[in-house]
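For reference, the structure discussed in these notes is given below.
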Amino acid sequence: MRTELLLRPEFLLAAPPGALDKDTRALVLVGFLMFIVPILFICVLSGPERDRVDDFYTAGRGLSPLRGALVLSGVYLSTATVLGTTGSVAVFGYDGLFIALCTVLSLGVLLLLARPLRERAGYTLGDTLALRAPGPAVRIAVAVVTLSACVPYLVVQLSGAGVTTATLLGLAGPGAEQTAIVMIGALVVCATVFGGMRGTIVIQVIKTVVLLAAGLAVTAVLLHRFHWGTDSLIDAAAQGSGRPAGHLRPGLRFADSATPEGTLDFIGLMITIVLGVACLPHVTMQLGASPTPSAARRTVRHTLGIVAAFCLLTALMGLGAAALIGAPAIMAADPGGSSALLMLTGELAGGPSTDTNGALLVVLVSSAVFLTTLAVVASVTLAAAGSIAHDLYTHVLRRGRITEGREVAAARWASAGVGALSIAMAVGVQGWNVLILSALSLAVAASALLPALVYSLFWRGFTRTGLLWTLYGGLGSAVGLQVSGPAFSGSPFSLFPEWNIDWFPLQTVVLVSLPAAFLLGRIGSAVGRQRTADLIEHR
């Protein structure tokens, strides 16, 4: 859906709360550049000195649990978590708080998978699953699923980054946002091509520290505004939401929550977050940087504490945005609510009368948001490039007969190609309601990768046929049902509102696609064993 359709005149504000004047924007921009440019320079310089595959994909597998937790937290805390969850709490109240909780719970799933995943870790998910069923067909299937999860995720991250950066620069309009997307995308491609996993680790650690500092600073100023009383904050948030009686009750996230479809959508959304985030390719790839399986498990445990702490800050900041900005004003600026954190920061900084301290707060938050986008996009790009270079090029096309230097070169070219494709797609859909792409990525991860990993790691009877049926069946059902649902067409906030192919009633698809993938894995394994038995019998 185009921005012109989303931002109708009745939704627009003449002067959004928390708006900064021109001089303050200039100060913020200077501070922002002075902060970001050295970090990017450090990221590039931290790249591997030699073209070794182990260095490029896993940084030599030498991350300590504490440092690994900072990196994994950076991978986990995406722009959707930082901006989207804050906005969800501000606009949807209870439902937004539950979304933040599900982000933490998803780490419990990763904790269960951490040890066996690290025991079987190669450089990509293709390596892990090929241990169960060697051969090019499996690697091709894993690469297809990996790219289907990564590319839409990259488009959403870059699209949101374009809007945020244009807002920071005080610019407006599709042209400014598209220029920002190209600029950010180019920076990410350079960081990934030259830095590899080592450069990505550096930027993830810095991003996590800066993000926690920004969250603590905003929360401290917010609580000080309410005299350190959370009760008064919650009461003010309920009043600012425009729905005081229902703000802390379930049901605001889906307008038809009183119906069975609305209830199923809410349950499906929770399952999608809990299972999908844990199995995204760039998340599972990060576990391969731990030196041992036990270190990987300790890494996830430390990450659980860091992410839980930040999600608590996110909840407080979302309530603060509802209290000081108001849910109607937030939705007027951005129907998805992603502008809530930046609007809250501008309000706490003093709005048009911002002083130096307020400008520093805006610089800190803006830098944290920008680093979040940069770090997550770099990690996702590296995971997608690894699947292309390692699985498709090295093992399918070259049958493993390739030097390490040539594979690293292929990975760098793949990073550039994935980045260019994502940038072009993000520019093309700028102004559309692309949130469905984020839901699609999580649905693919939950519906295809999770069943494949669970069966491969814990069921000895899983066969090659079952693995292929699980991967392609989970991918096909997730994509097919998502395209056939109301999030894709048939409603005012669909990706294509003028189309009417929404025969599937739910916005979330995992309640159907996830059981379907598990069932296909069981049936496919039975079929594979029968084929094997028939071949043995006919010999």
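Here, A, B, ... name the chains of the structure tokens in the order displayed, residue numbers run from 1 inside each chain, and ligands are numbered from 1 in the same displayed order.
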
Which residues, written as a ChimeraX atom specification, have at least one atom at most 12 Å from segment 137-143 of chain A, with only C-alpha atoms counted and residues fewer than 3 positions away on the same chain left out? /A:124-134,146-151,281,383-397,399,444-445,448-450,452-453,463-476

When you look at Val380 of chain A with a cut-off of 12 Å (counting only C-alpha atoms), what residues show up, excluding the ones that are within fewer than 2 positions of it in the same chain? I need them as a VMD selection string. chain A and resid 74 to 76 78 146 to 158 188 to 189 192 196 to 197 200 280 to 286 373 to 378 382 to 387 415 418 to 419 422 441

Please provide as number ranges by chain all residues within 10 Å of segment 95-104 of chain A, with the sequence filter that same-chain residues fewer than 4 positions apart are discarded (counting only C-alpha atoms). A: 76-77, 81-82, 84-91, 108-109, 247-254, 266, 269-278, 303-312, 314-316, 318-319

Nearby residues (only C-alpha atoms) at most 10 Å from Leu348 of chain A, same-chain spacing under 3 positions excluded, as a ChimeraX atom specification: /A:18,218-219,221-222,225,320-321,324,342-345,351,354,358,361-362

According to DSSP computed on the backbone, where in segment 80-310 of chain A is there alpha helix (DSSP H)? Give the residues as a PyMOL selection string. chain A and resi 85-92+94-119+125-130+136-168+174-225+230-240+260-278+281-286+293-310

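Coordinates place atom CA of Asn433 of chain A at a distance of 7.0 Å from atom CA of Ser494 of chain A.
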